Amino acid sequence: MDLLQIKDLSLHFGGIIALSNLDMSVREGELHAVIGPNGAGKTSLFNCISGVYPPTKGEVFLKGKIISHLKPYEVAKLGIARTFQNIELFSHMTVVDNLLLGCHAHMTSGPLSCAFFFGKAQRQEVENRLHVEEIIDFLEIEKVRKKVVGTLPYGIQKRVEIGRALAMKPKLLLLDEPVAGMNVEETEDIARFILDIKEERDITTIMVEHDMGVVMDIADTVTVLDFGSKIGEGASAAIQSDPKVIAAYLGQ
Amino acid sequence: MEADTIPKLLARNRRLYSDKVALREKDLGIWQRVTWKEYWDHVCFFALGLRQLGLNKGDKVSILGDNCREWLYADLAVQCSSAVTVGIYPTDVASQVKYILENSESRFIVAKDQEQVDKVMEIKNDLPGLKKIIVIDMKGLRRYKDPMIISFKDAQVLGRLLHEQEADLFENMVKGARSEDVAIIVYTSGTTGRPKGAMISHRNVVAMIRGLAQVLEFRQKDSFVSALPLCHIAERMFSLIFPMWAGCTVNFAESVATLQEDMSEISPTAFLNVPRIWEKMHSNIMIRLQDSIFFKRWMFRAMLPIGERVADLKLKRKPVPWFRKILQGVAYLLLFRPLRNHLGLLDARIFVSGAAPLSPDLMKFYHSIGVPVRESYGMTEMSGISFMPLNSEIKIGGVGKPIPGVEFKLAADGEILQKGDSVFEGYYGNPQATREVIVDGWLHTGDVGEVDADGDLRITDRKKDIIITAGGKNIAPSELENSLKFSPYVKEAIIIGDRRKYLSCLIQIELENVAHWAQNNRIVYTNYKSLATHPEVRKLIQAEVDKTNANFAQVERIKKFTILDKELDQDDEELTATMKVKRASIEKKFKELIESMY
């Protein structure tokens, strides 16, 4: 079954057409990559899915339920988590606190029990910490657990950001350029983690990425955007030989 | 039942200490405890699981991976089945793993995680004898559909089922282990040639620990942190043999990267490490000190001499006058206590350095801050440690007297010969090599030493490493090398000079510390190579070499040196798994570089 369905989606900023009549669907358990030249509308697509921009036209469905009119926090609660192209962590907080914040969307205790930290609030905090520790173990960031995020190297911060998204217990994970600006070793690590997220945690992932090596190695399906519309879609091998894609990316 | 094997000791501990903590491992940020009873159960289920999978008496089982609780469960389970454990360094590459699996004829391998399993998968088609790959951490392995792979937990489930059917089976297996059986095969790190598998029996191990326990006096309350690779005999002693003997607790760090922080949380009572780590801890202190505020630096400079003076008196066995005791007390509160706390050595009472000689300067430094580190002498072929000074007889440069049960003598050429029940049974599948090292019951160690007036042994160097210069002077390179390595900027030093006019030296800089120095001095560099070849760095190292030269006689001085423009690496056959340099291989590899200095 399709976890995410996008039907006839368009996004206009005045005269600028960021997305036009886009149709796309993501199967459950899939690792779906979205590629395209700069300005093709990849990040706009993410913003539409996560509720940052309401689409001008068209709908986004999560498990058959329409989500394109919802606020970002409502979308997050439904199980869509994302990372950002430029790291958007709370740089003065520790790694653990950043990850714990990811659990916040699912907390149900009221302000009173939270203020006095008893009953449900306490129970949930303990559960959250355990959940966060599992993610720390999964992403191998034990060493920096209590470090302030701003003092960490870029590659580790990227990893923490993925961790925060995982802390939201997502059904669908949106990764915006997860390996941008990384060296070969860091890239390999992250690619490994993305595969493990799919296989160990059964989370469906949509990834925007420019590193073709990574995309072709790990993605199940690739969607190619150019000027806001889809110009190709299919398995990574087929996409590589598609003349339209080659034209858009490499020029003729 | 007399406890003459390790499995019987485990059975005894389960009776004696049942609900006391045997192991701790930091998992998900919390120290998880395992009691002696649970320890026994884990071993029992895994041993029976192996039996279900077809393990027979005398079979070999290899364990490949970083230290963890399951490593010990597997090791003990194999020994309880009267089979033999073979430890493999987690840093070994696939070809080295293959050699050991082939050489030891292993039928099972216990691998820690995906990284290690991948190595085995690469070579398994060349190993027809290998039956099963048992994996401790299945993360990332779900796609592997190979029928040879089974998870550690599943193997334990198999064992549990068997245990429910035959409740006495495991206890009978434990009783069936004989003291003359080979318990473990330890592959020597092999600074020369291929590693050789030293067979060590229960009899050897028990003889060694019985002797050593009289020198170190372990208590049930002692706790250790497992830091060196478990396949090395030194860590095997601390993580397996000592706890079996005295019921001590073993702690496993969360990961290799968090070892230092986990150390200070546990604050172990005994700490054994190789000189490389003692050097590293010292240089970390020195570098951190440079970055600290003026007051702290002043404190350090003012307080350290107080400690030095007291350490000097103590080492000379002279009484410490009362006013020095007061000063020492002040220095302890202001400097030594926080320093030891930072290193995680606050509660420790036993500090041992082994595996290679420790520089005298370093030893003096640690004694000054109230960490009376002692040097021991041991080797795989002696089932661990054979010389250890008593607490009251620690000496700089000396390794003390043999432990009870070990005899020694010096051969005509100064080579140390040893005899006793802890001398190993022989190299596996290599009787020729065994005959070469054990002659008339005396183990030929290949180390040269001398005995001082108190009867304490002093190790000079490896017999084959002794340099005889063209002038006919015998020089022990390790003295010079250790003196150089005392500098925070020098990571590795290799003295060259056998049959040559003068001594020269290859130096590897300590990247972290030199990089730090370069930043402070506004020296621009991009990577290790550009730093190593920078003229200012050469000047820095020249100053360090000059400092060392000042302490040695004219013929023993280093005339020329070269800074290596690459880091020495185990994968490039330059270091052993225990980070000792492979001298012969390095001399061959950097031949042109060496020739250019003459």
# chains A, B, ... in the order shown; residues from 1 in each chain; ligands from 1
call {"tool": "interface_residues", "arguments": {"of": "chain B", "to": "chain A", "cutoff": "10 Å", "atoms": "only C-alpha atoms", "output": "list in words"}}
result
Asp27, Leu28, Gly29, Ile30, Met138, Lys139, Gly140, Leu141, Arg142, Arg143, Glu254, Ser255, Val256, Ala257, Thr258, Leu259, Gln260, Glu261 and Asp262 of chain B
call {"tool": "select_by_dssp", "arguments": {"residues": "range 21-249 of chain A", "states": "strand (DSSP E or B)", "output": "ChimeraX atom specification"}}
result
/A:21-27,31-35,57-62,65-66,80-82,94,148,172-176,204-208,221-226,229-235
call {"tool": "write_last_selection", "arguments": {"atoms": "C-alpha atoms", "output": "mmCIF file, in the first residue's frame"}}
result
data_model
loop_
_atom_site.group_PDB
_atom_site.id
_atom_site.type_symbol
_atom_site.label_atom_id
_atom_site.label_comp_id
_atom_site.auth_asym_id
_atom_site.auth_seq_id
_atom_site.Cartn_x
_atom_site.Cartn_y
_atom_site.Cartn_z
ATOM 1 C CA ASN A 21 1.039 19.300 -11.244
ATOM 2 C CA LEU A 22 3.209 16.840 -9.418
ATOM 3 C CA ASP A 23 2.026 13.265 -8.923
ATOM 4 C CA MET A 24 4.075 10.938 -6.809
ATOM 5 C CA SER A 25 3.549 8.021 -4.479
ATOM 6 C CA VAL A 26 5.782 6.387 -1.899
ATOM 7 C CA ARG A 27 5.273 2.750 -0.929
ATOM 8 C CA LEU A 31 13.686 4.329 0.408
ATOM 9 C CA HIS A 32 12.661 6.946 -2.121
ATOM 10 C CA ALA A 33 15.100 9.507 -3.449
ATOM 11 C CA VAL A 34 14.173 12.841 -5.006
ATOM 12 C CA ILE A 35 16.813 14.375 -7.219
ATOM 13 C CA LYS A 57 -3.439 23.299 -5.721
ATOM 14 C CA GLY A 58 -3.621 19.550 -5.219
ATOM 15 C CA GLU A 59 -3.452 17.259 -2.192
ATOM 16 C CA VAL A 60 -1.085 15.206 -0.109
ATOM 17 C CA PHE A 61 -2.417 11.993 1.455
ATOM 18 C CA LEU A 62 -0.848 10.030 4.285
ATOM 19 C CA LYS A 65 -5.930 10.676 4.808
ATOM 20 C CA ILE A 66 -5.564 14.179 3.448
ATOM 21 C CA ILE A 80 6.175 12.637 9.529
ATOM 22 C CA ALA A 81 9.596 13.761 10.736
ATOM 23 C CA ARG A 82 12.207 15.668 8.807
ATOM 24 C CA THR A 94 22.884 19.136 24.721
ATOM 25 C CA VAL A 148 26.315 20.966 23.748
ATOM 26 C CA LEU A 172 7.765 8.653 7.227
ATOM 27 C CA LEU A 173 11.177 10.295 7.459
ATOM 28 C CA LEU A 174 12.155 13.183 5.189
ATOM 29 C CA LEU A 175 15.905 13.695 4.851
ATOM 30 C CA ASP A 176 17.012 16.894 3.150
ATOM 31 C CA THR A 204 9.830 4.727 5.084
ATOM 32 C CA THR A 205 12.243 7.415 3.947
ATOM 33 C CA ILE A 206 12.191 10.126 1.313
ATOM 34 C CA MET A 207 15.618 11.595 0.701
ATOM 35 C CA VAL A 208 16.688 14.655 -1.258
ATOM 36 C CA THR A 221 13.063 4.365 -6.338
ATOM 37 C CA VAL A 222 14.217 7.703 -7.714
ATOM 38 C CA THR A 223 12.035 10.634 -8.719
ATOM 39 C CA VAL A 224 13.628 13.336 -10.834
ATOM 40 C CA LEU A 225 12.332 16.899 -10.711
ATOM 41 C CA ASP A 226 13.145 19.766 -13.001
ATOM 42 C CA SER A 229 7.647 19.005 -12.540
ATOM 43 C CA LYS A 230 8.492 15.349 -12.601
ATOM 44 C CA ILE A 231 10.604 14.341 -15.572
ATOM 45 C CA GLY A 232 11.367 10.780 -14.587
ATOM 46 C CA GLU A 233 10.701 8.094 -12.036
ATOM 47 C CA GLY A 234 11.827 4.504 -11.584
ATOM 48 C CA ALA A 235 14.474 2.194 -10.215
#
call {"tool": "residues_around", "arguments": {"residues": "Ile88 in chain B", "least_positions_apart": "3", "cutoff": "8 Å", "atoms": "only C-alpha atoms", "output": "NGL selection string"}}
result
:B and (62-65 or 92 or 97 or 100 or 187 or 231)
call {"tool": "residues_around", "arguments": {"residues": "Asn513 in chain B", "least_positions_apart": "4", "cutoff": "7 Å", "atoms": "only C-alpha atoms", "output": "PyMOL selection string"}}
result
chain B and resi 287+488-489+517
call {"tool": "select_by_dssp", "arguments": {"residues": "range 3-114 of chain B", "states": "helix (DSSP H, G or I)", "output": "tab-separated table (two decimals) with C-alpha atoms, in the first residue's frame"}}
result
chain	number	residue	atom	x	y	z
B	6	ILE	CA	38.63	-22.01	35.29
B	7	PRO	CA	35.18	-23.61	34.87
B	8	LYS	CA	35.41	-25.03	38.39
B	9	LEU	CA	36.36	-21.59	39.70
B	10	LEU	CA	33.25	-20.20	38.01
B	11	ALA	CA	31.13	-22.86	39.72
B	12	ARG	CA	32.72	-21.97	43.05
B	13	ASN	CA	32.09	-18.24	42.58
B	14	ARG	CA	28.47	-18.88	41.74
B	15	ARG	CA	28.13	-20.65	45.08
B	16	LEU	CA	30.15	-18.12	47.08
B	17	TYR	CA	29.01	-14.81	45.58
B	36	TRP	CA	27.46	-14.31	39.46
B	37	LYS	CA	24.33	-16.43	39.26
B	38	GLU	CA	23.23	-14.77	36.01
B	39	TYR	CA	26.79	-15.02	34.73
B	40	TRP	CA	26.70	-18.79	35.32
B	41	ASP	CA	23.30	-19.07	33.56
B	42	HIS	CA	24.51	-17.16	30.52
B	43	VAL	CA	27.56	-19.38	30.24
B	44	CYS	CA	25.47	-22.49	30.81
B	45	PHE	CA	22.95	-21.66	28.08
B	46	PHE	CA	25.58	-20.73	25.57
B	47	ALA	CA	27.68	-23.82	26.28
B	48	LEU	CA	24.66	-26.08	25.81
B	49	GLY	CA	23.68	-24.10	22.72
B	50	LEU	CA	27.12	-24.79	21.24
B	51	ARG	CA	26.66	-28.44	22.10
B	52	GLN	CA	23.37	-28.47	20.21
B	53	LEU	CA	25.13	-26.89	17.24
B	69	ARG	CA	29.99	-9.45	28.32
B	70	GLU	CA	29.22	-11.96	25.59
B	71	TRP	CA	32.94	-12.29	24.87
B	72	LEU	CA	33.42	-13.68	28.35
B	73	TYR	CA	30.29	-15.85	28.21
B	74	ALA	CA	31.53	-17.39	24.98
B	75	ASP	CA	35.06	-17.86	26.31
B	76	LEU	CA	33.87	-19.60	29.46
B	77	ALA	CA	31.22	-21.64	27.66
B	78	VAL	CA	33.87	-23.04	25.35
B	79	GLN	CA	36.20	-23.83	28.25
B	80	CYS	CA	33.35	-25.49	30.16
B	94	ALA	CA	40.25	-10.36	6.76
B	95	SER	CA	43.48	-12.04	5.63
B	96	GLN	CA	44.85	-12.10	9.19
B	97	VAL	CA	41.56	-13.48	10.49
B	98	LYS	CA	41.71	-16.16	7.82
B	99	TYR	CA	45.23	-17.16	8.83
B	100	ILE	CA	44.23	-17.63	12.46
B	101	LEU	CA	41.01	-19.50	11.65
B	102	GLU	CA	42.94	-21.79	9.32
B	103	ASN	CA	45.90	-22.27	11.63
B	104	SER	CA	43.76	-23.02	14.67
B	114	GLN	CA	28.43	-6.62	11.26
call {"tool": "closest_residue", "arguments": {"among": "B:Asp137, B:Tyr332, B:Phe408, B:Asn549", "to": "Met299 in chain B", "atoms": "only C-alpha atoms"}}
result
B:Tyr332
